Every structure is written in C-alpha cells, then in structure tokens.
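Asker: Below is a structure I'd like to ask you about.
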Amino acid sequence: MSKRVVIFDTTLRDGEQSPGVSLNIQEKLEIAHQLARLGVDVIEAGFPIASPGDFEAVKAVADNVKGATICGLARANRKDIERAAEALRGAEQGRIHTFIATSDIHMQHKLRMNREQVLEAAVEAVKLSKNFTSDVEFSAEDAFRSEVDFLCSIFTAVISAGAKTINIPDTVGYATPQEFGRFIKAIIEGTPNINEAVVSVHCHNDLGLGVANSLAALENGARQVECTINGIGERAGNASMEELVMALYTRQAFYDLETKINKSEIYRTSRLVSNLTGMVIQPNKAIVGKNAFAHESGIHQDGVLKERTTYEIMNPQMIGIFQNNIVLGKHSGRHALKERLKELGYELTDENFQKAFERFKALADRKREISDEDLAVIVEDEMRSIPEVYSLEYLHINSGTTILPTATIRLKKNEEMLEEASCGDGPIDAAYRTIDKLTNIEVRLASYNINATTAGQDSQGEVSVKLEKNGRYHTGRGVDTDILIASVKAYINAINKIIFDSNHLAEKVPAEERAL
Ligand SMILES: CC(=O)SCCNC(=O)CCNC(=O)[C@H](O)C(C)(C)COP(=O)(O)OP(=O)(O)OC[C@H]1O[C@@H](n2cnc3c(N)ncnc32)[C@H](O)[C@@H]1OP(=O)(O)O
Ligand SMILES: CC(C)C(=O)C(=O)O
Ligand SMILES: [Mg+2]
C-alpha cells in the first residue's frame, strides 16, 4: 500500500463555513496561492452553486492557481454539478466533489429520500460529473452514523460509476479514534472494488478528536485526509492540517507515511488564514499557537538552552517560526536571563547580574511577560555605579478630586530611616516636596517626562527628571509599573547623582567654594 497521504485542503470551503467567516474573491485567491506554495495536493476552493461570489472565487482560483488540483463542491444534482464544472473549467486539474447524506437520520429527516433513491442519486451524480472531469470525488455525508453495509454498497456503486476518491466523513464529529479506525477497516474490507479509488476521511472536531480520528483512519488504510488550516470549519471545525502533517512527520517511525507539504510554509499560511478570516488562533493551539514553542519555566528553559530536544519534539524553524522561544517571566531562572542578556549584548559582572536578576524577578511578579525593553531598563540601571545614598522604602500618596494631595515617604539614607509627609498641587508635587524636606537639598525641578517603555496595560512607566542645583543640571531616571513610584525613583536617582557629583567635586574644589 502506498505511503503517500493526499492532503485535501478545505479551508476555502468547509473552513469558510465557520460562523462569521466570509472570504471575498481576492482573499480566496491569496489563500489559494499560499496553499499551493505550501504544497497541498487538493484545494477545495468553494461551493460554486452557493452564490455568484463563490462561483467567481472558485473560477478565479481554478484559472490562476497552479500546482494543485482545484476542487468545487456540488450536491448530488445536475444544477450544482454543472455550475461546479463551469467554475473549474480553467483549472490545470479540476475535481468535482459531489456528496449526499447516507445516514438514516439525514435521509429520513433532511433529504426525505429512501436508500434506493440516495444510491441512485449518488451514482447519477458521479456519472454526470465524469462528463466534465476524470477526477471525481464522492462523499457519503454523515458516513460515520450510516449503516456500514449500505455504505459499502453505495461506495461499490459510485466507484463502478467512475469515482476516483471515496470520502468517509464524520460530519458531526461523533467518532472516537479506535472505533473510527475499525469503521474505516470495515468499509475497505466490505467494498470489493475499493482498490480503484483513494479512501479519504473528513473528520470534524466536535469532541476535539478530528486529528486523532484522521490518524486512526490512516492507520487503517485511508490515504487522503481532508483538513483545514488552523482547524477552522463548521461548528468546532475540521481536523487541523498543520497538526496532521506534523504528527505524521514527527512520528514518521510509527506511521511510516509521508505528505508533500512544504513544512516551512506552515506558519506563514496559518497567519494568513487567521488574518483574512478574522479567526484568532488560541495561544496554546498545537503547532501554530503563540505558546506552541514557548518555554516560560526556569527548569524547561535551562533544559532547552542546554539541549533543545529536552523539551521540544519539533523544531519551530522547520515550520517557519523564527521568534525567540524563551519567554521571560516569573517562572524563569538565571540561565534564561543570562542567555537573553547575552543576546542583547549585555555582559554583566556577577554582582550586577545578581542585582539585575533580583529586579527582574520583582518585576516579573507584577508583569506577565518581561520584554527586551524591560531588560534594557533593568540592566542599564544596574550598570551605573552611582552609590544609592537615598533609596525609597515606603510611599503612600492620597490624591483625588476632593482631597488635598498628600505624600508620606520613608527614605533609607545609608542605614538610617527618614520619614516625612507633605501636601502639594498634585500627587507628584506632594512627593517631591516631601523628598526635599527629607534630603534637605534645595533643587529646582527643571523638567519632568514620562514614557511607557513597553506596550500593554502592564507596561512600565519610565520617568526622567532634570533637577537644577547651583546652575548645574542632573538627570534622574526611574522605572516602575506604577508611575508615581517611577516618578519618585527618578527624583531620588537625580538627588543621588547630585550628591555623587558634589562628593567628586569636593575632592577637587575647596569646601568654601562649594555649597550643597
Ligand atoms: C456537511 C456539509 O458541510 S455540506 C455543505 C454545506 N455548505 C453549505 O450549505 C453552504 C452553501 N449552501 C448554500 O448556499 C445553500 O444551502 C444552497 C445554495 C446550497 C441551497 O440553498 P437552497 O436551495 O435555498 O436550499 P436550502 O439550503 O434551504 O436546503 C437545502 C436543500 O438541499 C437538499 N440537499 C441537501 N444536501 C443535498 C445533497 N447532497 N444532494 C442533493 N440535495 C441535497 C436538501 O434536502 C434541501 O432540499 P429541499 O429544498 O428540497 O428541502
Ligand atoms: C461535504 C462533506 C464532505 C462535509 O463537509 C462533511 O460531511 O462534513
Ligand atoms: Mg465538513
């Protein structure tokens, strides 16, 4: 039996049946070109009878996209099939995919047809389709809830009528892997001319088993899988293409099957489909989710940095993901921080690194993810060697529409604790007046600037101040997720610089010429 699995992509047909998704001609064309680059074997571009727009989209894909079979869906009736054939006329290789439901529940309530009528409609549909193309696929909708003997007789008949692919959908996502595998085996064994057609499956994800069921079918003789990018599709979606392909590749030794998918295009295709359909990918989605290759905890990061395969079963670069997979956050350890700092070009002494690590952990307690910008701020602070004569121990600010802004601050000066309170025009003015009282250094605030150093609600505020003292300017910088704390830190930083400069000056200038 062939090892080759045919990848039938139905992102543009079943994927577009996702509630809220509607792709225009241009968008379908763009996705179809990308699917061809990705190397899918069949692109189901739409359901031409559904609307003039879908007809035009299938036609545009058929006329323009080369390198893959272009397929159009049609119910088992003349109008649908002729419309599909017309849309596909320009295709290098066109496939008509005709279908009719075979489960009792669908036949009785939806189609209001009996088995004989359904079998006859199926055979007629395949015969009619054969007038337009040699590549005809027949699907028995709701196959998994259909009676196996009836399915075998309908498949035998459509294969005799010329169907080259017979598709066995689990339309409502009801199957579980073992029983679906057994089901496929029973159909193959019960259909005498099965060797004249490719056996295909089309699994929905209502129980989250679309991919698992498809793999079970492949183990039991199926050689085409119908799937969508990012697993989009009717209700809970279809089997996800990227998961199927990567499962077959990663577990090649077990399945011994291959596809012709160009794996390095997987991520790009996933992003394109997500952007054009508006279907956001959940972060923990396998293969293409934001977190699929991200490591946050220190023990994992240490392992991955020492040897990637300790915690990665696939290489993200292989599917076109080049972003950093080490996410710095509260669970990260020293190895990961040191590695990222090295990548950013920072070489810290052991002592500075230890300080930077402590600040990193403190920030990570308040902020979900630590960005490179956050690290730059932390490290630059640690690399400066201005002694911290004053440091902030405690800050309490009262402010609002009906109260006078008041600040209470405790500063540590060397080993001594100093505490004061003051009012001001605003909370920052109150804080700065309090610091002036505590330090007893007379300064003038020459400028105050605030910036968000990183994006997002939990971003850091960076405050820079310029203080004037005896005609000389001293800048101070403070960073914190709380802008009042950042403002106070900036002011204290500038004061410490004033003291540092004044001490340096003292070494050169006699006391009487100095005034602090
Ligand atoms: C499992 C799947 O994903 S199947 C594909 C589902 N996709 C879609 O339905 C998307 C596109 N669909 C559409 O735009 C419309 O449903 C159309 C244009 C196809 C049909 O629209 P309408 O003619 O208004 O019919 P409507 O959708 O209301 O009902 C479907 C009809 O098709 C019949 N039908 C359903 N499946 C089939 C089939 N495979 N073969 C023949 N007839 C079928 C139904 O019995 C019903 O017939 P009735 O009108 O005699 O009762
Ligand atoms: C048209 C068929 C193949 C389908 O989408 C299904 O049965 O889910
Ligand atoms: Mg479907």
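By convention here, the chains of the structure tokens are called A, B, ... in the order presented, each chain's residues are numbered starting at 1, and ligands are numbered starting at 1 in the order presented.
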Please extract the residues of segment 303-508 of chain A with a backbone DSSP assignment of helix (DSSP H, G or I) and present them as a ChimeraX atom specification.
Answerer: /A:303-306,308-310,316-319,334-343,350-366,372-383,427-439,483-508
Asker: Which residues sit within 7 Å of ligand 1, counting only C-alpha atoms and all ligand atoms, listed as a list in words?
Answerer: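 Checked against 7 Å with only C-alpha atoms and all ligand atoms; the hits are Asp14, Gln17, Phe47, Ile49, Ala50, Ser51, Arg75, Ala76, Asn77, Phe99, Ile100, Ala101, Lys110, Leu111, Glu141, Thr171 and Glu234 of chain A.
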Asker: Around ligand 2, which protein and nucleic acid residues have at least one atom no more than 9 Å from it, if we count only C-alpha atoms and all ligand atoms? List them as a VMD selection string.
Answerer: chain A and resid 10 13 to 14 73 to 75 97 to 101 138 to 143 167 to 173 201 to 204 226 233 to 234 238
Asker: List the spatial neighbours of Phe150 of chain A as a PyMOL selection string - criterion: any atom at most 12 Å away, only C-alpha atoms, same-chain residues fewer than 4 positions off excluded.
Answerer: chain A and resi 101-104+114-116+118-119+140+143-146+154-157+186-187+190-191
Asker: Please list as a PDB file with C-alpha atoms, in the first residue's frame every residue within 12 Å of Gln460 of chain A, counting only C-alpha atoms and excluding residues in the same chain fewer than 4 positions away.
Answerer:
```pdb
ATOM      1  CA  LEU A 363       9.190  42.994  38.096  1.00  0.00           C
ATOM      2  CA  ALA A 364       8.035  39.581  36.862  1.00  0.00           C
ATOM      3  CA  ARG A 366       3.926  42.299  38.722  1.00  0.00           C
ATOM      4  CA  LYS A 367       4.166  41.890  34.965  1.00  0.00           C
ATOM      5  CA  ARG A 368       3.131  38.833  32.938  1.00  0.00           C
ATOM      6  CA  GLU A 369       5.970  38.881  30.420  1.00  0.00           C
ATOM      7  CA  ILE A 370       9.305  40.657  30.573  1.00  0.00           C
ATOM      8  CA  SER A 371      10.268  42.181  27.251  1.00  0.00           C
ATOM      9  CA  GLU A 373      12.899  46.754  26.578  1.00  0.00           C
ATOM     10  CA  ASP A 374      12.180  45.925  30.219  1.00  0.00           C
ATOM     11  CA  LEU A 375      15.519  44.152  30.441  1.00  0.00           C
ATOM     12  CA  ALA A 376      17.365  47.080  28.907  1.00  0.00           C
ATOM     13  CA  VAL A 377      15.929  49.385  31.551  1.00  0.00           C
ATOM     14  CA  ILE A 378      16.816  46.995  34.382  1.00  0.00           C
ATOM     15  CA  ILE A 450       7.058  60.257  31.374  1.00  0.00           C
ATOM     16  CA  ASN A 451       7.051  57.439  28.810  1.00  0.00           C
ATOM     17  CA  ALA A 452       5.610  53.976  28.589  1.00  0.00           C
ATOM     18  CA  THR A 453       8.690  51.859  27.866  1.00  0.00           C
ATOM     19  CA  THR A 454       6.678  48.850  26.763  1.00  0.00           C
ATOM     20  CA  ALA A 455       3.246  48.282  25.280  1.00  0.00           C
ATOM     21  CA  GLY A 456       0.201  46.875  27.064  1.00  0.00           C
ATOM     22  CA  GLY A 478      13.003  55.814  37.423  1.00  0.00           C
ATOM     23  CA  VAL A 479      11.108  52.863  36.052  1.00  0.00           C
ATOM     24  CA  ASP A 480       8.144  51.117  37.539  1.00  0.00           C
ATOM     25  CA  THR A 481       4.750  49.779  36.530  1.00  0.00           C
ATOM     26  CA  ASP A 482       3.353  52.433  38.951  1.00  0.00           C
ATOM     27  CA  ILE A 483       4.066  55.885  37.515  1.00  0.00           C
ATOM     28  CA  LEU A 484       4.046  57.569  40.939  1.00  0.00           C
ATOM     29  CA  ILE A 485       6.720  55.177  42.165  1.00  0.00           C
ATOM     30  CA  ALA A 486       8.648  55.725  38.915  1.00  0.00           C
ATOM     31  CA  SER A 487       8.409  59.497  39.458  1.00  0.00           C
TER      32      SER A 487
END
```
Asker: Mind checking which residues fall within 10 Å of Leu29 of chain A, counting only C-alpha atoms, ignoring those fewer than 5 positions away in the same chain, and posting them as a PyMOL selection string?
Answerer: chain A and resi 12+23-24+34-35+45+57-62+64-65
Asker: Under the rule that only C-alpha atoms and all ligand atoms are counted, which of A:Ile321, A:Ala216, A:Val225, A:Leu38 is the nearest residue to ligand 3?
Answerer: A:Val225
Asker: Please run DSSP on the backbone and report, as a PyMOL selection string, all residues within segment 166-254 of chain A that come out as strand (DSSP E or B).
Answerer: chain A and resi 166-170+198-204+224-228+238+240
Asker: Include C-alpha atoms and write out the residues we just selected as a JSON list (two decimals), in the first residue's frame.
Answerer:
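File produced: out-v2.json:
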```json
[["chain", "number", "residue", "atom", "x", "y", "z"],
["A", 166, "ILE", "CA", -14.46, 7.97, -1.90],
["A", 167, "ASN", "CA", -14.72, 10.17, 1.16],
["A", 168, "ILE", "CA", -15.93, 8.96, 4.54],
["A", 169, "PRO", "CA", -16.86, 11.98, 6.65],
["A", 170, "ASP", "CA", -17.54, 12.08, 10.35],
["A", 198, "VAL", "CA", -8.42, 6.50, -2.89],
["A", 199, "VAL", "CA", -10.05, 6.23, 0.53],
["A", 200, "SER", "CA", -10.47, 9.64, 2.14],
["A", 201, "VAL", "CA", -11.68, 10.84, 5.53],
["A", 202, "HIS", "CA", -13.13, 14.17, 6.59],
["A", 203, "CYS", "CA", -13.27, 14.50, 10.38],
["A", 204, "HIS", "CA", -14.96, 17.22, 12.36],
["A", 224, "GLN", "CA", -6.43, 11.13, 1.77],
["A", 225, "VAL", "CA", -7.22, 13.42, 4.70],
["A", 226, "GLU", "CA", -9.49, 16.42, 4.39],
["A", 227, "CYS", "CA", -8.45, 19.21, 6.69],
["A", 228, "THR", "CA", -8.22, 22.95, 7.17],
["A", 238, "ASN", "CA", -12.25, 20.31, 10.98],
["A", 240, "SER", "CA", -6.23, 20.78, 11.54]]
```
Asker: Skipping near chain neighbours, those fewer than 4 positions away, what residues fall within 9 Å of Ile31 of chain A using only C-alpha atoms, listed as a list in words?
Answerer: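 The residues that qualify are Thr11, Leu12, Gln26, Glu27, Leu35, Ala36, Thr269, Leu272, Val273 and Leu276 of chain A.
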Asker: Create the file for the chosen residues now, containing C-alpha atoms and written as a tab-separated table (two decimals), in the first residue's frame.
Answerer:
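So result23.tsv came out as:
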```tsv
chain	number	residue	atom	x	y	z
A	11	THR	CA	-10.05	25.84	4.28
A	12	LEU	CA	-11.77	27.78	1.48
A	26	GLN	CA	-9.31	38.37	-3.69
A	27	GLU	CA	-8.90	36.81	-0.25
A	35	LEU	CA	-1.88	26.76	-0.16
A	36	ALA	CA	-0.22	25.90	-3.47
A	269	THR	CA	-0.12	30.04	5.89
A	272	LEU	CA	-2.53	34.48	6.54
A	273	VAL	CA	-5.67	32.41	7.13
A	276	LEU	CA	-8.05	37.06	6.41
```
Asker: I'd like the neighbourhood of Leu215 of chain A as a PyMOL selection string, where a residue qualifies if any of its atoms comes within 9 Å (using only C-alpha atoms), though same-chain residues fewer than 2 positions away should be ignored.
Answerer: chain A and resi 177+181+210-213+217-220+222+225+244+247-248+255
Asker: With distances taken over only C-alpha atoms and all ligand atoms, which residue among A:Lys130, A:Thr69, A:Asp206, A:Arg95 lies nearest ligand 3?
Answerer: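 Of the candidates, the smallest distance to ligand 3 is held by A:Asp206.
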Asker: For atom CA of Ile386 of chain A and atom CA of Asn496 of chain A, determine how far apart the two atoms are, in Å to one decimal place.
Answerer: 7.1 Å
Asker: Tell me, in Å to one decimal, how far atom CA of Glu120 of chain A is from atom CA of Ile7 of chain A.
Answerer: 29.1 Å
Asker: Nearest to Leu411 of chain A among A:Thr165, A:Thr439, A:Asn325, A:Ser153, with distances taken over only C-alpha atoms: which residue is it?
Answerer: A:Thr439
Asker: Using only C-alpha atoms and all ligand atoms, which of the listed residues (A:Arg235, A:Arg410, A:Lys285, A:Arg359) sits closest to ligand 3?
Answerer: A:Arg235
Asker: Would you please work out which residue, of A:Ala236, A:Ile194, A:Ala87, A:Ala430, is nearest to ligand 3 when using only C-alpha atoms and all ligand atoms?
Answerer: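 Distance minimum relative to ligand 3 lands on A:Ala236.
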